[in-house]
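These notes are about the structure you will find just below.
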Amino acid sequence: MPIAIPWHGLLVGAGAAQLILVVASLAIPRFLNWKGDLAKLRPLTRQVFWTYAAYIWVTNLSFGLVSTMTPQLLLDRSPLAGFVCSFIAVYWAARVVIQFGYFDRTDAPKGRFFVLGERALVTLFVGLTIVYGGLVARAFGALGR
Amino acid sequence: MNRIEVHLWVAAILQWLVASSNVQNIYIMTTVAMFGIVSIVFTPELAGGSALGRFLSDFLAIFWGGRIIIQLFFYDQEVKRSRPIANLVFLATFIYLCGVFAVACLRHNR
């Protein structure tokens, strides 16, 4: 008997997790002392950095909003829904790769709080990759309704 | 292909150009390049053919509208004065992109 996967619930949960991430990420600049570090940069470089941060924040917010407010748009098995889910899955998978393959973690803040925080983040990124990856497979008929 | 779909194709090309100007941030480059791909591959949907397409048009209008505000009010005036042509090209591109997706939104929200 095929297993019924609660796609709607998983997607809304993934969206809620992204919205929590969006709110929590507002604290990152203070935790990592971006203001102090970025003060050493030229104004244009500093402004470009903040612009990129805003772009990413808005992108994450839109993922959370579409998943929680209008999940049916991503669940309708249309080619566009499959494409958007593919993009979101690759986006979060890339974030896991960046965490371990690109970030220099030797200078990361120490302490139990930060270690737990990093583990929670990585777990979230992996979970989001799995949910949206599953939706891609579903959109192409590989998984059940 | 109707007029808004032609503009969405132009928007796709402009978004790829914007993506290529952001190579220093691979996340932004990939995201904006994806917007370009969506604009080309799913043109009828973005022009109002599906609910998700309409959501994306709304989102892209807001996204590029935000970029206009950043260009006008956030970037250092002195830097913009020292590079007036680059500033104008970027501003015109963002206005065009915001305009195309805003028209697509208004068209299907009427």
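By order of appearance in the structure tokens: chains A, B, ..., then residues from 1 within every chain, and ligands from 1 in the order shown.
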
Discussion item. At a cut-off of 12 Å, which residues of chain A touch chain B? Count only C-alpha atoms and give the answer as a VMD selection string.
Written reply: chain A and resid 42 to 63 65 to 67 69 to 88 90 to 95 98 102

Discussion item. Can you pull out the residues contacting segment 8-11 of chain B? Cut-off 10 Å, using only C-alpha atoms, and skip same-chain residues under 3 positions away; I want them as a ChimeraX atom specification.
Written reply: /B:3-5,14-17,35-44,46-47,57,93-94,96-101,104

Preceding selection exported with C-alpha atoms as a PDB file, in the first residue's frame:
ATOM      1  CA  ARG B   3       2.815  42.901 -26.064  1.00  0.00           C
ATOM      2  CA  ILE B   4       3.249  42.070 -22.365  1.00  0.00           C
ATOM      3  CA  GLU B   5       4.820  38.718 -23.278  1.00  0.00           C
ATOM      4  CA  LEU B  14      17.743  42.360 -18.655  1.00  0.00           C
ATOM      5  CA  GLN B  15      17.579  40.104 -15.602  1.00  0.00           C
ATOM      6  CA  TRP B  16      20.376  37.947 -17.037  1.00  0.00           C
ATOM      7  CA  LEU B  17      22.435  41.112 -17.547  1.00  0.00           C
ATOM      8  CA  PHE B  35      13.971  35.060 -12.587  1.00  0.00           C
ATOM      9  CA  GLY B  36      15.172  35.427 -16.189  1.00  0.00           C
ATOM     10  CA  ILE B  37      14.585  31.742 -16.920  1.00  0.00           C
ATOM     11  CA  VAL B  38      11.067  31.905 -15.438  1.00  0.00           C
ATOM     12  CA  SER B  39      10.302  34.997 -17.523  1.00  0.00           C
ATOM     13  CA  ILE B  40      11.273  33.169 -20.735  1.00  0.00           C
ATOM     14  CA  VAL B  41       9.991  29.644 -20.061  1.00  0.00           C
ATOM     15  CA  PHE B  42       6.773  30.590 -18.279  1.00  0.00           C
ATOM     16  CA  THR B  43       5.890  33.835 -20.075  1.00  0.00           C
ATOM     17  CA  PRO B  44       2.143  33.089 -20.480  1.00  0.00           C
ATOM     18  CA  LEU B  46       3.575  35.350 -15.654  1.00  0.00           C
ATOM     19  CA  ALA B  47       1.320  37.325 -17.986  1.00  0.00           C
ATOM     20  CA  SER B  57       4.736  38.741 -11.273  1.00  0.00           C
ATOM     21  CA  THR B  93      16.829  48.795 -15.922  1.00  0.00           C
ATOM     22  CA  PHE B  94      15.183  48.494 -12.503  1.00  0.00           C
ATOM     23  CA  TYR B  96      11.735  48.897 -16.671  1.00  0.00           C
ATOM     24  CA  LEU B  97      11.725  45.562 -14.809  1.00  0.00           C
ATOM     25  CA  CYS B  98       9.434  46.889 -12.080  1.00  0.00           C
ATOM     26  CA  GLY B  99       7.168  48.424 -14.735  1.00  0.00           C
ATOM     27  CA  VAL B 100       6.849  45.248 -16.814  1.00  0.00           C
ATOM     28  CA  PHE B 101       5.973  43.049 -13.843  1.00  0.00           C
ATOM     29  CA  ALA B 104       1.525  42.119 -15.669  1.00  0.00           C
TER      30      ALA B 104
END

Practice prompt. Take atom CA of Ile13 of chain B and atom CA of Met29 of chain B and report the distance between them in Å, one decimal.
Written response: 13.5 Å

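Atom CA of Arg105 of chain A lies 10.5 Å from atom CA of Glu118 of chain A.
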
Could you tell me, as a short mmCIF file (atom, residue, chain, number, x, y, z; two decimals) with N, CA and C atoms, in the first residue's frame, which residues of chain A DSSP assigns to helix (DSSP H, G or I) when given the backbone?
data_model
loop_
_atom_site.label_atom_id
_atom_site.label_comp_id
_atom_site.auth_asym_id
_atom_site.auth_seq_id
_atom_site.Cartn_x
_atom_site.Cartn_y
_atom_site.Cartn_z
N TRP A 7 1.67 16.25 2.13
CA TRP A 7 2.41 17.31 1.45
C TRP A 7 1.99 18.70 1.90
N HIS A 8 0.68 18.87 2.05
CA HIS A 8 0.18 20.20 2.43
C HIS A 8 0.77 20.64 3.77
N GLY A 9 0.69 19.74 4.75
CA GLY A 9 1.22 20.04 6.08
C GLY A 9 2.73 20.27 6.05
N LEU A 10 3.42 19.43 5.29
CA LEU A 10 4.88 19.57 5.21
C LEU A 10 5.26 20.92 4.59
N LEU A 11 4.52 21.31 3.57
CA LEU A 11 4.84 22.57 2.88
C LEU A 11 4.54 23.77 3.78
N VAL A 12 3.40 23.73 4.45
CA VAL A 12 3.06 24.84 5.35
C VAL A 12 4.09 24.91 6.49
N GLY A 13 4.49 23.74 7.00
CA GLY A 13 5.51 23.69 8.04
C GLY A 13 6.84 24.27 7.55
N ALA A 14 7.21 23.90 6.32
CA ALA A 14 8.46 24.42 5.74
C ALA A 14 8.37 25.93 5.58
N GLY A 15 7.19 26.40 5.17
CA GLY A 15 7.02 27.85 5.01
C GLY A 15 7.12 28.56 6.35
N ALA A 16 6.49 27.98 7.38
CA ALA A 16 6.54 28.60 8.71
C ALA A 16 7.98 28.63 9.21
N ALA A 17 8.73 27.54 8.96
CA ALA A 17 10.13 27.50 9.39
C ALA A 17 10.94 28.60 8.69
N GLN A 18 10.64 28.83 7.42
CA GLN A 18 11.37 29.88 6.69
C GLN A 18 11.01 31.26 7.23
N LEU A 19 9.74 31.43 7.62
CA LEU A 19 9.35 32.73 8.18
C LEU A 19 10.03 32.96 9.53
N ILE A 20 10.15 31.88 10.33
CA ILE A 20 10.87 32.01 11.62
C ILE A 20 12.33 32.36 11.34
N LEU A 21 12.91 31.70 10.33
CA LEU A 21 14.29 31.99 9.96
C LEU A 21 14.45 33.46 9.55
N VAL A 22 13.47 33.94 8.78
CA VAL A 22 13.51 35.33 8.31
C VAL A 22 13.52 36.30 9.51
N VAL A 23 12.67 36.02 10.48
CA VAL A 23 12.60 36.89 11.67
C VAL A 23 13.89 36.77 12.47
N ALA A 24 14.34 35.51 12.68
CA ALA A 24 15.55 35.29 13.48
C ALA A 24 16.78 35.89 12.81
N SER A 25 16.80 35.88 11.48
CA SER A 25 18.00 36.36 10.78
C SER A 25 18.19 37.86 10.93
N LEU A 26 17.15 38.55 11.40
CA LEU A 26 17.32 39.99 11.66
C LEU A 26 18.34 40.23 12.79
N ALA A 27 18.55 39.19 13.62
CA ALA A 27 19.50 39.33 14.73
C ALA A 27 20.94 39.02 14.31
N ILE A 28 21.11 38.42 13.12
CA ILE A 28 22.46 37.99 12.70
C ILE A 28 23.46 39.14 12.66
N PRO A 29 23.09 40.30 12.08
CA PRO A 29 24.08 41.39 12.02
C PRO A 29 24.63 41.75 13.40
N ARG A 30 23.75 41.73 14.42
CA ARG A 30 24.22 42.09 15.77
C ARG A 30 25.08 40.97 16.36
N PHE A 31 24.64 39.72 16.19
CA PHE A 31 25.40 38.58 16.72
C PHE A 31 26.80 38.50 16.11
N TRP A 34 28.31 42.73 12.35
CA TRP A 34 28.49 43.19 10.97
C TRP A 34 28.81 44.68 10.91
N LYS A 35 28.15 45.45 11.79
CA LYS A 35 28.34 46.91 11.74
C LYS A 35 29.82 47.27 11.92
N GLY A 36 30.43 46.64 12.93
CA GLY A 36 31.84 46.92 13.20
C GLY A 36 32.73 46.44 12.06
N ASP A 37 32.45 45.24 11.58
CA ASP A 37 33.28 44.68 10.51
C ASP A 37 33.12 45.47 9.20
N LEU A 38 31.87 45.83 8.90
CA LEU A 38 31.62 46.50 7.62
C LEU A 38 32.08 47.95 7.62
N PRO A 43 32.40 52.82 1.35
CA PRO A 43 30.94 52.97 1.43
C PRO A 43 30.20 52.14 0.37
N LEU A 44 30.68 52.17 -0.88
CA LEU A 44 29.96 51.45 -1.94
C LEU A 44 29.95 49.95 -1.67
N THR A 45 31.10 49.42 -1.27
CA THR A 45 31.18 47.98 -0.98
C THR A 45 30.25 47.62 0.16
N ARG A 46 30.21 48.50 1.18
CA ARG A 46 29.34 48.25 2.33
C ARG A 46 27.87 48.27 1.90
N GLN A 47 27.53 49.25 1.05
CA GLN A 47 26.13 49.36 0.61
C GLN A 47 25.73 48.19 -0.28
N VAL A 48 26.67 47.74 -1.13
CA VAL A 48 26.39 46.57 -1.98
C VAL A 48 26.15 45.34 -1.09
N PHE A 49 26.96 45.21 -0.05
CA PHE A 49 26.78 44.08 0.87
C PHE A 49 25.39 44.09 1.49
N TRP A 50 24.95 45.27 1.99
CA TRP A 50 23.63 45.37 2.61
C TRP A 50 22.52 45.12 1.60
N THR A 51 22.77 45.55 0.34
CA THR A 51 21.77 45.30 -0.71
C THR A 51 21.61 43.81 -0.95
N TYR A 52 22.75 43.10 -1.02
CA TYR A 52 22.70 41.64 -1.20
C TYR A 52 21.97 40.98 -0.04
N ALA A 53 22.29 41.45 1.17
CA ALA A 53 21.63 40.87 2.35
C ALA A 53 20.12 41.07 2.26
N ALA A 54 19.71 42.27 1.79
CA ALA A 54 18.28 42.55 1.66
C ALA A 54 17.64 41.67 0.60
N TYR A 55 18.33 41.49 -0.53
CA TYR A 55 17.83 40.62 -1.60
C TYR A 55 17.56 39.21 -1.05
N ILE A 56 18.54 38.68 -0.33
CA ILE A 56 18.41 37.31 0.19
C ILE A 56 17.28 37.23 1.21
N TRP A 57 17.20 38.26 2.05
CA TRP A 57 16.15 38.28 3.08
C TRP A 57 14.77 38.27 2.43
N VAL A 58 14.59 39.11 1.41
CA VAL A 58 13.29 39.20 0.73
C VAL A 58 12.98 37.88 0.00
N THR A 59 14.01 37.27 -0.59
CA THR A 59 13.81 35.98 -1.28
C THR A 59 13.34 34.92 -0.28
N ASN A 60 14.00 34.85 0.87
CA ASN A 60 13.60 33.88 1.90
C ASN A 60 12.18 34.17 2.40
N LEU A 61 11.87 35.46 2.55
CA LEU A 61 10.52 35.85 2.99
C LEU A 61 9.47 35.38 1.97
N SER A 62 9.78 35.55 0.70
CA SER A 62 8.80 35.15 -0.34
C SER A 62 8.59 33.64 -0.35
N PHE A 63 9.67 32.88 -0.12
CA PHE A 63 9.53 31.41 -0.03
C PHE A 63 8.58 31.06 1.11
N GLY A 64 8.79 31.71 2.26
CA GLY A 64 7.95 31.44 3.42
C GLY A 64 6.51 31.83 3.19
N LEU A 65 6.30 32.99 2.57
CA LEU A 65 4.94 33.48 2.36
C LEU A 65 4.17 32.60 1.38
N VAL A 66 4.80 32.26 0.26
CA VAL A 66 4.07 31.46 -0.74
C VAL A 66 3.77 30.06 -0.17
N SER A 67 4.66 29.53 0.65
CA SER A 67 4.46 28.18 1.19
C SER A 67 3.39 28.14 2.27
N THR A 68 3.29 29.22 3.07
CA THR A 68 2.30 29.20 4.15
C THR A 68 0.94 29.77 3.71
N MET A 69 0.98 30.83 2.92
CA MET A 69 -0.28 31.52 2.57
C MET A 69 -0.99 30.87 1.39
N PRO A 71 -0.14 27.53 -0.26
CA PRO A 71 0.58 26.28 -0.57
C PRO A 71 0.03 25.56 -1.80
N GLN A 72 -1.27 25.73 -2.07
CA GLN A 72 -1.87 25.03 -3.21
C GLN A 72 -1.20 25.41 -4.52
N LEU A 73 -0.59 26.62 -4.56
CA LEU A 73 0.08 27.04 -5.81
C LEU A 73 1.31 26.15 -6.09
N LEU A 74 1.94 25.68 -5.02
CA LEU A 74 3.13 24.83 -5.19
C LEU A 74 2.76 23.34 -5.23
N LEU A 75 1.50 23.05 -4.95
CA LEU A 75 1.08 21.64 -4.88
C LEU A 75 0.30 21.20 -6.11
N PRO A 79 4.02 22.57 -14.36
CA PRO A 79 5.46 22.71 -14.63
C PRO A 79 6.07 23.90 -13.89
N LEU A 80 5.31 25.01 -13.78
CA LEU A 80 5.84 26.19 -13.07
C LEU A 80 6.04 25.87 -11.59
N ALA A 81 5.07 25.16 -10.98
CA ALA A 81 5.22 24.78 -9.57
C ALA A 81 6.44 23.88 -9.40
N GLY A 82 6.63 22.94 -10.33
CA GLY A 82 7.80 22.07 -10.29
C GLY A 82 9.09 22.85 -10.40
N PHE A 83 9.08 23.86 -11.26
CA PHE A 83 10.28 24.68 -11.46
C PHE A 83 10.59 25.48 -10.20
N VAL A 84 9.55 26.11 -9.63
CA VAL A 84 9.77 26.93 -8.43
C VAL A 84 10.26 26.06 -7.27
N CYS A 85 9.65 24.87 -7.10
CA CYS A 85 10.09 23.97 -6.03
C CYS A 85 11.53 23.50 -6.27
N SER A 86 11.88 23.26 -7.55
CA SER A 86 13.27 22.86 -7.87
C SER A 86 14.23 23.96 -7.45
N PHE A 87 13.85 25.20 -7.77
CA PHE A 87 14.74 26.31 -7.42
C PHE A 87 14.91 26.40 -5.91
N ILE A 88 13.80 26.30 -5.17
CA ILE A 88 13.89 26.42 -3.70
C ILE A 88 14.71 25.26 -3.12
N ALA A 89 14.54 24.05 -3.68
CA ALA A 89 15.30 22.89 -3.19
C ALA A 89 16.80 23.10 -3.44
N VAL A 90 17.15 23.56 -4.64
CA VAL A 90 18.57 23.78 -4.97
C VAL A 90 19.14 24.91 -4.10
N TYR A 91 18.32 25.94 -3.90
CA TYR A 91 18.72 27.10 -3.08
C TYR A 91 19.15 26.64 -1.68
N TRP A 92 18.32 25.79 -1.05
CA TRP A 92 18.66 25.36 0.32
C TRP A 92 19.75 24.29 0.33
N ALA A 93 19.78 23.46 -0.71
CA ALA A 93 20.88 22.48 -0.79
C ALA A 93 22.21 23.21 -0.92
N ALA A 94 22.22 24.26 -1.73
CA ALA A 94 23.44 25.05 -1.90
C ALA A 94 23.87 25.67 -0.58
N ARG A 95 22.86 26.04 0.23
CA ARG A 95 23.17 26.66 1.52
C ARG A 95 23.89 25.68 2.46
N VAL A 96 23.51 24.38 2.35
CA VAL A 96 24.20 23.36 3.16
C VAL A 96 25.64 23.22 2.69
N VAL A 97 25.81 23.18 1.36
CA VAL A 97 27.17 23.04 0.79
C VAL A 97 28.03 24.23 1.22
N ILE A 98 27.44 25.43 1.16
CA ILE A 98 28.17 26.65 1.55
C ILE A 98 28.58 26.57 3.02
N GLN A 99 27.68 26.08 3.86
CA GLN A 99 27.96 26.00 5.30
C GLN A 99 29.22 25.19 5.59
N PHE A 100 29.36 24.08 4.87
CA PHE A 100 30.49 23.18 5.17
C PHE A 100 31.67 23.34 4.20
N GLY A 101 31.37 23.80 2.97
CA GLY A 101 32.43 23.85 1.96
C GLY A 101 33.02 25.22 1.72
N ARG A 105 34.86 28.37 9.24
CA ARG A 105 34.20 28.24 10.55
C ARG A 105 35.19 28.32 11.72
N THR A 106 36.49 28.49 11.40
CA THR A 106 37.47 28.58 12.50
C THR A 106 37.24 29.86 13.31
N ASP A 107 36.70 30.89 12.62
CA ASP A 107 36.49 32.17 13.28
C ASP A 107 35.05 32.34 13.77
N ARG A 112 28.18 26.96 23.49
CA ARG A 112 27.09 26.00 23.29
C ARG A 112 25.94 26.59 22.47
N PHE A 113 25.61 27.86 22.76
CA PHE A 113 24.50 28.52 22.08
C PHE A 113 24.72 28.54 20.56
N PHE A 114 25.93 28.91 20.16
CA PHE A 114 26.22 29.02 18.73
C PHE A 114 26.31 27.65 18.06
N VAL A 115 26.86 26.67 18.80
CA VAL A 115 26.94 25.30 18.26
C VAL A 115 25.54 24.75 18.01
N LEU A 116 24.67 24.93 19.01
CA LEU A 116 23.28 24.47 18.86
C LEU A 116 22.58 25.22 17.73
N GLY A 117 22.85 26.51 17.66
CA GLY A 117 22.25 27.33 16.61
C GLY A 117 22.66 26.85 15.23
N GLU A 118 23.95 26.53 15.07
CA GLU A 118 24.42 26.06 13.77
C GLU A 118 23.77 24.72 13.42
N ARG A 119 23.70 23.84 14.41
CA ARG A 119 23.07 22.53 14.16
C ARG A 119 21.61 22.70 13.76
N ALA A 120 20.91 23.58 14.45
CA ALA A 120 19.50 23.82 14.12
C ALA A 120 19.37 24.36 12.70
N LEU A 121 20.25 25.28 12.36
CA LEU A 121 20.19 25.86 11.01
C LEU A 121 20.44 24.81 9.94
N VAL A 122 21.49 24.00 10.13
CA VAL A 122 21.82 22.98 9.13
C VAL A 122 20.68 21.98 9.01
N THR A 123 20.11 21.59 10.16
CA THR A 123 18.96 20.67 10.14
C THR A 123 17.82 21.29 9.35
N LEU A 124 17.58 22.57 9.57
CA LEU A 124 16.51 23.26 8.85
C LEU A 124 16.80 23.28 7.34
N PHE A 125 18.03 23.61 6.96
CA PHE A 125 18.36 23.67 5.53
C PHE A 125 18.18 22.29 4.87
N VAL A 126 18.62 21.25 5.58
CA VAL A 126 18.47 19.89 5.02
C VAL A 126 16.99 19.53 4.90
N GLY A 127 16.23 19.85 5.96
CA GLY A 127 14.79 19.57 5.94
C GLY A 127 14.09 20.28 4.79
N LEU A 128 14.43 21.55 4.60
CA LEU A 128 13.80 22.31 3.51
C LEU A 128 14.17 21.71 2.15
N THR A 129 15.42 21.29 2.02
CA THR A 129 15.85 20.65 0.76
C THR A 129 15.03 19.39 0.50
N ILE A 130 14.80 18.61 1.56
CA ILE A 130 14.05 17.35 1.41
C ILE A 130 12.59 17.63 1.03
N VAL A 131 11.97 18.59 1.74
CA VAL A 131 10.54 18.87 1.47
C VAL A 131 10.36 19.38 0.04
N TYR A 132 11.14 20.39 -0.35
CA TYR A 132 10.95 20.95 -1.69
C TYR A 132 11.44 19.97 -2.77
N GLY A 133 12.48 19.20 -2.44
CA GLY A 133 12.93 18.16 -3.38
C GLY A 133 11.85 17.11 -3.58
N GLY A 134 11.16 16.75 -2.49
CA GLY A 134 10.06 15.80 -2.58
C GLY A 134 8.93 16.36 -3.44
N LEU A 135 8.67 17.65 -3.30
CA LEU A 135 7.62 18.27 -4.11
C LEU A 135 7.98 18.26 -5.60
N VAL A 136 9.27 18.38 -5.88
CA VAL A 136 9.71 18.31 -7.29
C VAL A 136 9.42 16.90 -7.82
N ALA A 137 9.81 15.90 -7.03
CA ALA A 137 9.56 14.51 -7.44
C ALA A 137 8.07 14.27 -7.62
N ARG A 138 7.29 14.84 -6.71
CA ARG A 138 5.83 14.69 -6.79
C ARG A 138 5.29 15.37 -8.04
N ALA A 139 5.81 16.57 -8.34
CA ALA A 139 5.32 17.30 -9.51
C ALA A 139 5.57 16.51 -10.79
#

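For the pair atom CA of His7 of chain B and atom CA of Ala102 of chain B, the interatomic distance is 11.6 Å.
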